[in-house]
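query.cif, holding mmCIF, C-alpha atoms:
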```cif
data_entry
#
loop_
_atom_site.label_atom_id
_atom_site.label_comp_id
_atom_site.auth_asym_id
_atom_site.auth_seq_id
_atom_site.Cartn_x
_atom_site.Cartn_y
_atom_site.Cartn_z
CA MET A 1 -14.76 4.09 -1.37
CA ILE A 2 -14.05 1.83 -4.35
CA GLU A 3 -15.48 -1.69 -4.35
CA LEU A 4 -12.60 -4.20 -4.57
CA ARG A 5 -14.38 -7.46 -3.87
CA ASN A 6 -15.80 -7.72 -7.39
CA ASP A 7 -12.55 -6.86 -9.17
CA PRO A 8 -11.40 -9.61 -11.58
CA SER A 9 -8.00 -9.73 -9.84
CA VAL A 10 -9.53 -11.31 -6.72
CA LYS A 11 -9.44 -14.58 -8.69
CA TYR A 12 -5.79 -14.24 -9.74
CA SER A 13 -3.20 -16.88 -8.95
CA TYR A 14 0.37 -15.81 -8.22
CA TYR A 15 1.26 -16.57 -11.82
CA GLU A 16 -1.43 -14.12 -12.94
CA TRP A 17 -0.17 -11.56 -10.43
CA LEU A 18 3.29 -12.00 -11.91
CA GLU A 19 1.93 -11.15 -15.36
CA PHE A 20 0.00 -8.23 -13.89
CA PHE A 21 3.09 -6.67 -12.32
CA ARG A 22 5.18 -7.33 -15.41
CA GLU A 23 2.64 -5.46 -17.51
CA ASN A 24 2.55 -2.59 -15.01
CA ASP A 25 6.32 -2.41 -15.17
CA LYS A 26 6.10 -1.50 -18.86
CA HIS A 27 4.03 1.61 -18.15
CA ARG A 28 5.77 3.90 -15.67
CA LEU A 29 4.64 7.43 -15.00
CA GLN A 30 6.45 10.23 -16.81
CA ILE A 31 5.78 13.31 -14.72
CA ASP A 32 4.92 16.46 -16.64
CA PHE A 33 5.80 19.63 -14.74
CA SER A 34 5.08 21.98 -17.63
CA LYS A 35 1.81 23.21 -16.08
CA ASP A 36 3.10 23.43 -12.51
CA VAL A 37 3.78 26.80 -10.94
CA ALA A 38 5.83 27.49 -7.83
CA LEU A 39 4.12 26.20 -4.72
CA PRO A 40 3.18 28.93 -2.22
CA ALA A 41 5.06 28.78 1.08
CA ASP A 42 1.93 27.84 3.00
CA ILE A 43 1.23 24.89 0.68
CA LYS A 44 4.82 23.71 0.99
CA ALA A 45 4.50 23.83 4.77
CA LEU A 46 1.16 22.02 4.60
CA ILE A 47 2.27 19.05 2.50
CA LEU A 48 5.98 18.67 3.31
CA PRO A 49 5.69 16.60 6.52
CA SER A 50 3.38 14.00 4.99
CA VAL A 51 4.87 13.89 1.48
CA SER A 52 8.36 13.41 2.87
CA ALA A 53 7.09 10.67 5.20
CA PHE A 54 5.30 8.78 2.44
CA GLN A 55 8.30 9.21 0.13
CA ILE A 56 10.41 7.41 2.74
CA GLY A 57 7.72 4.81 3.42
CA GLU A 58 7.32 3.85 -0.24
CA HIS A 59 11.02 2.98 -0.53
CA SER A 60 12.46 -0.35 0.60
CA ASP A 61 15.37 -2.64 -0.23
CA GLY A 62 12.96 -5.51 0.44
CA LEU A 63 15.66 -7.85 1.74
CA HIS A 64 13.69 -9.20 4.69
CA LEU A 65 10.47 -9.32 2.69
CA LEU A 66 12.12 -11.41 -0.03
CA LYS A 67 13.68 -13.69 2.57
CA VAL A 68 10.35 -14.51 4.23
CA ALA A 69 8.64 -14.65 0.82
CA THR A 70 10.98 -17.49 -0.14
CA VAL A 71 10.06 -19.37 3.04
CA PHE A 72 6.35 -18.80 2.29
CA ALA A 73 6.82 -20.05 -1.27
CA ARG A 74 8.29 -23.33 -0.06
CA LYS A 75 5.71 -23.80 2.69
CA PHE A 76 2.67 -23.26 0.45
CA ASP A 77 4.16 -24.58 -2.79
CA GLU A 78 3.88 -21.18 -4.48
CA PRO A 79 7.20 -20.94 -6.39
CA THR A 80 6.15 -17.80 -8.28
CA TYR A 81 5.61 -15.73 -5.15
CA PRO A 82 9.18 -14.41 -4.60
CA GLU A 83 9.36 -13.13 -8.17
CA VAL A 84 6.00 -11.40 -7.76
CA MET A 85 7.28 -9.77 -4.58
CA LYS A 86 10.37 -8.48 -6.38
CA LEU A 87 8.12 -6.67 -8.87
CA PHE A 88 5.88 -5.41 -6.08
CA ILE A 89 8.91 -3.94 -4.29
CA ARG A 90 10.09 -2.40 -7.55
CA GLU A 91 6.69 -0.77 -8.04
CA GLU A 92 6.75 0.65 -4.50
CA ASN A 93 10.20 2.10 -5.13
CA PHE A 94 8.88 3.80 -8.26
CA HIS A 95 6.25 5.41 -6.03
CA SER A 96 9.02 6.76 -3.84
CA SER A 97 10.85 8.08 -6.89
CA TYR A 98 7.72 9.90 -8.16
CA LEU A 99 7.35 11.73 -4.86
CA GLY A 100 11.08 12.39 -4.72
CA GLU A 101 11.02 13.90 -8.21
CA PHE A 102 8.14 16.17 -7.23
CA MET A 103 9.91 17.25 -4.06
CA ARG A 104 13.15 18.06 -5.86
CA TYR A 105 11.33 20.03 -8.55
CA HIS A 106 9.62 22.21 -5.95
CA GLY A 107 12.61 22.53 -3.66
CA LEU A 108 11.18 20.41 -0.85
CA PRO A 109 13.88 18.75 1.26
CA LEU A 110 14.06 14.96 1.20
CA ARG A 111 14.44 13.28 4.55
CA LYS A 112 16.08 10.01 5.48
CA SER A 113 14.02 8.93 8.45
CA ASN A 114 10.54 9.26 9.92
CA PHE A 115 9.07 8.01 13.20
CA LEU A 116 5.94 6.42 11.68
CA ASP A 117 7.97 4.71 8.97
CA ARG A 118 10.38 3.29 11.54
CA THR A 119 7.42 2.01 13.55
CA PHE A 120 5.83 0.30 10.53
CA ARG A 121 9.14 -1.32 9.60
CA ARG A 122 9.62 -2.68 13.12
CA LEU A 123 6.12 -4.18 13.00
CA ARG A 124 6.87 -5.83 9.66
CA ARG A 125 10.26 -7.35 10.36
CA ARG A 126 9.32 -10.25 12.55
CA SER A 127 9.68 -13.97 12.02
CA ASP A 128 7.56 -14.69 8.94
CA ILE A 129 5.62 -13.21 6.04
CA ARG A 130 2.30 -12.67 7.78
CA PRO A 131 3.27 -9.66 9.96
CA GLU A 132 4.97 -8.16 6.88
CA VAL A 133 1.85 -8.49 4.76
CA VAL A 134 -0.56 -7.35 7.49
CA THR A 135 1.51 -4.21 8.04
CA LEU A 136 1.93 -3.63 4.31
CA VAL A 137 -1.78 -3.89 3.56
CA THR A 138 -2.57 -1.60 6.49
CA ALA A 139 -0.19 1.02 5.11
CA GLU A 140 -1.60 0.60 1.60
CA ILE A 141 -5.16 1.13 2.83
CA ILE A 142 -4.04 4.28 4.65
CA ALA A 143 -2.36 5.38 1.41
CA LEU A 144 -5.65 5.11 -0.50
CA SER A 145 -7.17 7.76 1.74
CA TYR A 146 -4.00 9.85 1.92
CA TYR A 147 -3.40 10.17 -1.82
CA SER A 148 -7.06 10.98 -2.40
CA ALA A 149 -6.84 13.81 0.15
CA LEU A 150 -3.41 15.00 -1.02
CA SER A 151 -4.68 15.32 -4.59
CA ASP A 152 -7.44 17.67 -3.40
CA ALA A 153 -5.22 19.66 -1.04
CA THR A 154 -3.19 21.46 -3.75
CA ASP A 155 -3.64 22.75 -7.30
CA SER A 156 -0.49 21.09 -8.66
CA PRO A 157 -1.32 19.15 -11.86
CA ALA A 158 1.86 17.08 -11.44
CA LEU A 159 0.99 16.10 -7.88
CA LYS A 160 -2.56 15.24 -8.87
CA ARG A 161 -1.19 12.97 -11.62
CA ILE A 162 1.19 11.31 -9.17
CA CYS A 163 -1.65 10.72 -6.71
CA ALA A 164 -3.80 9.23 -9.48
CA GLN A 165 -0.96 6.83 -10.35
CA MET A 166 -0.54 5.88 -6.71
CA LEU A 167 -4.23 5.06 -6.39
CA HIS A 168 -4.14 3.11 -9.64
CA ASP A 169 -1.33 0.95 -8.21
CA GLU A 170 -2.32 0.73 -4.54
CA LEU A 171 -5.84 -0.60 -5.12
CA PRO A 172 -4.53 -3.84 -6.68
CA HIS A 173 -1.87 -4.01 -3.98
CA VAL A 174 -4.60 -4.34 -1.34
CA ILE A 175 -6.12 -7.25 -3.27
CA PHE A 176 -2.72 -8.85 -3.84
CA GLN A 177 -1.76 -8.72 -0.16
CA SER A 178 -5.21 -10.01 0.81
CA TYR A 179 -4.64 -12.98 -1.50
CA THR A 180 -1.51 -13.86 0.47
CA LEU A 181 -3.34 -13.53 3.80
CA GLY A 182 -5.92 -15.99 2.46
CA HIS A 183 -3.28 -18.73 2.74
CA PHE A 184 -3.21 -18.50 6.54
CA LYS A 185 -5.62 -19.99 9.05
CA LYS A 186 -8.00 -17.35 10.33
CA SER A 187 -8.94 -16.72 13.93
CA LYS A 188 -10.98 -14.21 15.86
CA TRP A 189 -7.78 -12.93 17.50
CA PHE A 190 -6.14 -12.35 14.11
CA LYS A 191 -9.12 -10.26 13.01
CA ILE A 192 -8.96 -8.25 16.23
CA GLN A 193 -5.23 -7.66 15.66
CA ARG A 194 -5.89 -6.28 12.19
CA GLN A 195 -8.64 -4.03 13.53
CA LEU A 196 -6.45 -2.71 16.34
CA LEU A 197 -3.53 -2.06 14.00
CA MET A 198 -5.75 -0.21 11.53
CA ARG A 199 -7.33 1.94 14.23
CA ALA A 200 -3.93 2.75 15.75
CA ALA A 201 -2.41 3.58 12.34
CA THR A 202 -5.40 5.73 11.43
CA LEU A 203 -5.11 7.73 14.63
CA ALA A 204 -1.32 8.09 14.28
CA VAL A 205 -1.48 9.31 10.68
CA TRP A 206 -4.31 11.73 11.44
CA THR A 207 -2.45 13.09 14.46
CA ALA A 208 0.69 13.62 12.38
CA TYR A 209 -0.80 14.77 9.06
CA GLY A 210 -4.42 15.70 9.74
CA LYS A 211 -3.85 19.20 8.32
CA VAL A 212 -3.60 17.76 4.80
CA PHE A 213 -6.84 15.84 5.22
CA ARG A 214 -8.66 18.84 6.68
CA ALA A 215 -7.43 21.03 3.81
CA ALA A 216 -9.08 18.54 1.45
CA GLY A 217 -12.35 18.64 3.38
CA TRP A 218 -11.89 15.35 5.24
CA THR A 219 -12.92 14.74 8.84
CA TYR A 220 -11.35 12.18 11.14
CA SER A 221 -14.60 10.22 11.03
CA LYS A 222 -14.46 10.00 7.24
CA PHE A 223 -10.80 8.95 7.32
CA LYS A 224 -11.50 6.22 9.86
CA GLN A 225 -14.56 4.92 8.04
CA GLU A 226 -12.70 4.76 4.72
CA ASN A 227 -9.85 2.81 6.28
CA LEU A 228 -12.07 0.41 8.19
CA GLY A 229 -14.21 -0.08 5.10
CA TYR A 230 -11.23 -1.10 3.00
CA LEU A 231 -10.06 -3.34 5.85
CA ARG A 232 -13.40 -5.15 5.79
CA GLN A 233 -13.03 -5.64 2.05
CA SER A 234 -9.52 -7.03 2.56
CA GLU A 235 -10.83 -9.45 5.20
CA ASP A 236 -13.66 -10.59 2.91
CA ILE A 237 -11.26 -11.14 0.00
CA ALA A 238 -8.87 -13.13 2.21
CA SER A 239 -11.75 -15.27 3.52
CA ASP A 240 -13.04 -16.01 0.02
CA ILE A 241 -9.55 -16.94 -1.12
CA ALA A 242 -9.09 -19.23 1.89
CA LEU A 243 -12.27 -21.09 0.92
CA ARG A 244 -11.14 -21.34 -2.70
CA LEU A 245 -7.72 -22.69 -1.72
CA ALA A 246 -9.30 -25.19 0.69
CA SER A 247 -11.60 -26.37 -2.08
CA LYS A 248 -8.61 -27.00 -4.37
CA ILE A 249 -6.88 -29.03 -1.68
CA GLU A 250 -9.97 -31.21 -1.19
CA GLN A 251 -10.17 -31.86 -4.92
#
```
Structure encoded using structure tokens:
Amino acid sequence: MIELRNDPSVKYSYYEWLEFFRENDKHRLQIDFSKDVALPADIKALILPSVSAFQIGEHSDGLHLLKVATVFARKFDEPTYPEVMKLFIREENFHSSYLGEFMRYHGLPLRKSNFLDRTFRRLRRRSDIRPEVVTLVTAEIIALSYYSALSDATDSPALKRICAQMLHDELPHVIFQSYTLGHFKKSKWFKIQRQLLMRAATLAVWTAYGKVFRAAGWTYSKFKQENLGYLRQSEDIASDIALRLASKIEQ
């Protein structure tokens, strides 16, 4: 597990996040397939269900997210936030395109729908930004474990490079979403909700795609501990940010 709480970005404002995403947008992954060989049938069967699901999950038009981001921006006087979210959505869509490019190269069929993705989207699309962000950060924490395992489950240099790029991008995403959660009043029930969602998502993903994790040497216990560990870091970051924002208000 990577320590996020000491990362310099935990002190970023939304303006600094805007600059961060703008800089990221200048450096997109160019996938090199020159060293890839045809995937064996058993490897295709192993990775297809999860890769196709994450390829769908990484893509979004972001219409509802941008709508509630605008409401959040007005409520908390954070005018930069909607523009940051546009770049975040753009980055997620690049993730989807990386996986889609890999799938097309290796003749893996792209799918249009997935049960877990539909469930996550229903959880997100409620009345305001907070359910969106809680669900997003839960999915991003799951992705940290998944892309680590996927990288180890095959010998494809291109897939390993894609997974490395995903991890490079998703780690800051967890901090960024935690920053937004720091704007909301905390409660014991809210913490319990996040814990329950993470545990449910962990079990659902393992049940659906555990073969990939096991092929990479992961156990369910390791998967759960990684996810809960990152969740604790997200909670700590959000709490620290809440204190910092409260201190600014008092000044």
Residues near stretch 170-187 of chain A, anyone? I mean within 9 Å using only C-alpha atoms, not counting same-chain ones fewer than 6 positions away, as a PDB file with C-alpha atoms, keeping the file's coordinate frame.
```pdb
ATOM      1  CA  ILE A   2     -14.050   1.830  -4.350  1.00  0.00           C
ATOM      2  CA  LEU A   4     -12.600  -4.200  -4.570  1.00  0.00           C
ATOM      3  CA  ARG A   5     -14.380  -7.460  -3.870  1.00  0.00           C
ATOM      4  CA  ASP A   7     -12.550  -6.860  -9.170  1.00  0.00           C
ATOM      5  CA  SER A   9      -8.000  -9.730  -9.840  1.00  0.00           C
ATOM      6  CA  VAL A  10      -9.530 -11.310  -6.720  1.00  0.00           C
ATOM      7  CA  LYS A  11      -9.440 -14.580  -8.690  1.00  0.00           C
ATOM      8  CA  TYR A  12      -5.790 -14.240  -9.740  1.00  0.00           C
ATOM      9  CA  SER A  13      -3.200 -16.880  -8.950  1.00  0.00           C
ATOM     10  CA  TYR A  14       0.370 -15.810  -8.220  1.00  0.00           C
ATOM     11  CA  TRP A  17      -0.170 -11.560 -10.430  1.00  0.00           C
ATOM     12  CA  PHE A  76       2.670 -23.260   0.450  1.00  0.00           C
ATOM     13  CA  PHE A  88       5.880  -5.410  -6.080  1.00  0.00           C
ATOM     14  CA  ARG A 130       2.300 -12.670   7.780  1.00  0.00           C
ATOM     15  CA  VAL A 133       1.850  -8.490   4.760  1.00  0.00           C
ATOM     16  CA  VAL A 134      -0.560  -7.350   7.490  1.00  0.00           C
ATOM     17  CA  LEU A 136       1.930  -3.630   4.310  1.00  0.00           C
ATOM     18  CA  VAL A 137      -1.780  -3.890   3.560  1.00  0.00           C
ATOM     19  CA  THR A 138      -2.570  -1.600   6.490  1.00  0.00           C
ATOM     20  CA  GLU A 140      -1.600   0.600   1.600  1.00  0.00           C
ATOM     21  CA  ILE A 141      -5.160   1.130   2.830  1.00  0.00           C
ATOM     22  CA  ALA A 143      -2.360   5.380   1.410  1.00  0.00           C
ATOM     23  CA  LEU A 144      -5.650   5.110  -0.500  1.00  0.00           C
ATOM     24  CA  TYR A 230     -11.230  -1.100   3.000  1.00  0.00           C
ATOM     25  CA  GLN A 233     -13.030  -5.640   2.050  1.00  0.00           C
ATOM     26  CA  SER A 234      -9.520  -7.030   2.560  1.00  0.00           C
ATOM     27  CA  GLU A 235     -10.830  -9.450   5.200  1.00  0.00           C
ATOM     28  CA  ASP A 236     -13.660 -10.590   2.910  1.00  0.00           C
ATOM     29  CA  ILE A 237     -11.260 -11.140   0.000  1.00  0.00           C
ATOM     30  CA  ALA A 238      -8.870 -13.130   2.210  1.00  0.00           C
ATOM     31  CA  SER A 239     -11.750 -15.270   3.520  1.00  0.00           C
ATOM     32  CA  ASP A 240     -13.040 -16.010   0.020  1.00  0.00           C
ATOM     33  CA  ILE A 241      -9.550 -16.940  -1.120  1.00  0.00           C
ATOM     34  CA  ALA A 242      -9.090 -19.230   1.890  1.00  0.00           C
ATOM     35  CA  LEU A 243     -12.270 -21.090   0.920  1.00  0.00           C
ATOM     36  CA  LEU A 245      -7.720 -22.690  -1.720  1.00  0.00           C
TER      37      LEU A 245
END
```
Quiz item: Could you write out as a PyMOL selection string the residues that the PyMOL selection byres ((chain A and resi 156-162) around 10) matches in the shown file?
Solution: chain A and resi 29-39+95+98-99+102-103+147-148+150-155+163-168
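The shortest atom-to-atom distance to A:Pro49, with all atoms listed in the file taken into account, belongs to A:Ala208 out of A:Asp77, A:Ala208, A:Met1, A:Lys188.
Relative to atom CA of A:Ala204, atom CA of A:Ala216 is found at 18.3 Å.
Note that the spacing between atom CA of A:Ala215 and atom CA of A:Glu3 amounts to 25.4 Å.
Residue nearest A:Ile43, chosen from A:Arg232, A:His64, A:Lys26, A:His106 and counting all atoms listed in the file: A:His106.
Pairwise distance (atom CA of A:Leu196, atom CA of A:Trp218) equals 21.9 Å.
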Report, as AutoDock Vina command-line options, the centre and edge lengths in Å (one decimal) of the axis-aligned box enclosing every listed atom of stretch 194-199 of chain A, padded by 4 Å on each side.
```
--center_x -6.1 --center_y -2.2 --center_z 13.9 --size_x 13.1 --size_y 16.2 --size_z 12.8
```
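Counting all atoms listed in the file, A:Val205 has the following residues at most 9 Å away, ignoring those fewer than 5 positions along the same chain: Ser50, Leu116, Ile142, Ala200 and Gly210 of chain A.
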Please produce a file of those selected residues containing C-alpha atoms, as a PDB file, in the coordinates of the input.
```pdb
ATOM      1  CA  SER A  50       3.380  14.000   4.990  1.00  0.00           C
ATOM      2  CA  LEU A 116       5.940   6.420  11.680  1.00  0.00           C
ATOM      3  CA  ILE A 142      -4.040   4.280   4.650  1.00  0.00           C
ATOM      4  CA  ALA A 200      -3.930   2.750  15.750  1.00  0.00           C
ATOM      5  CA  GLY A 210      -4.420  15.700   9.740  1.00  0.00           C
TER       6      GLY A 210
END
```
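Between A:Lys44 and the candidates A:Gly217, A:Gly229, A:Pro109, A:Pro131, the tightest atom-to-atom separation, counting all atoms listed in the file, involves A:Pro109.
The list of residues within 12 Å of (-6.8, 2.8, 14.2), counted using only C-alpha atoms, is Thr138, Ala139, Ile141, Ile142, Ile192, Gln193, Arg194, Gln195, Leu196, Leu197, Met198, Arg199, Ala200, Ala201, Thr202, Leu203, Ala204, Val205, Trp206, Thr207, Tyr220, Ser221, Phe223, Lys224, Gln225, Glu226, Asn227, Leu228 and Leu231 of chain A.
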Can those selected residues be exported to a file as a compact mmCIF listing (two decimals), in the coordinates of the input so that it contains C-alpha atoms?
```txt
# COMPACT_ATOMS: atom_id res chain seq x y z
CA THR A 138 -2.57 -1.60 6.49
CA ALA A 139 -0.19 1.02 5.11
CA ILE A 141 -5.16 1.13 2.83
CA ILE A 142 -4.04 4.28 4.65
CA ILE A 192 -8.96 -8.25 16.23
CA GLN A 193 -5.23 -7.66 15.66
CA ARG A 194 -5.89 -6.28 12.19
CA GLN A 195 -8.64 -4.03 13.53
CA LEU A 196 -6.45 -2.71 16.34
CA LEU A 197 -3.53 -2.06 14.00
CA MET A 198 -5.75 -0.21 11.53
CA ARG A 199 -7.33 1.94 14.23
CA ALA A 200 -3.93 2.75 15.75
CA ALA A 201 -2.41 3.58 12.34
CA THR A 202 -5.40 5.73 11.43
CA LEU A 203 -5.11 7.73 14.63
CA ALA A 204 -1.32 8.09 14.28
CA VAL A 205 -1.48 9.31 10.68
CA TRP A 206 -4.31 11.73 11.44
CA THR A 207 -2.45 13.09 14.46
CA TYR A 220 -11.35 12.18 11.14
CA SER A 221 -14.60 10.22 11.03
CA PHE A 223 -10.80 8.95 7.32
CA LYS A 224 -11.50 6.22 9.86
CA GLN A 225 -14.56 4.92 8.04
CA GLU A 226 -12.70 4.76 4.72
CA ASN A 227 -9.85 2.81 6.28
CA LEU A 228 -12.07 0.41 8.19
CA LEU A 231 -10.06 -3.34 5.85
```
When you look at A:Asn93 with a cut-off of 8 Å (counting all atoms listed in the file), what residues show up, excluding the ones that are within fewer than 5 positions of it in the same chain? I need them as a compact mmCIF listing (two decimals) with C-alpha atoms, keeping the file's coordinate frame.
```
# COMPACT_ATOMS: atom_id res chain seq x y z
CA GLU A 58 7.32 3.85 -0.24
CA HIS A 59 11.02 2.98 -0.53
CA SER A 60 12.46 -0.35 0.60
```
Quiz item: Which is closest to A:Leu18 among A:Lys67, A:Lys86, A:Lys75, A:Arg244, if we use all atoms listed in the file?
Solution: A:Lys86
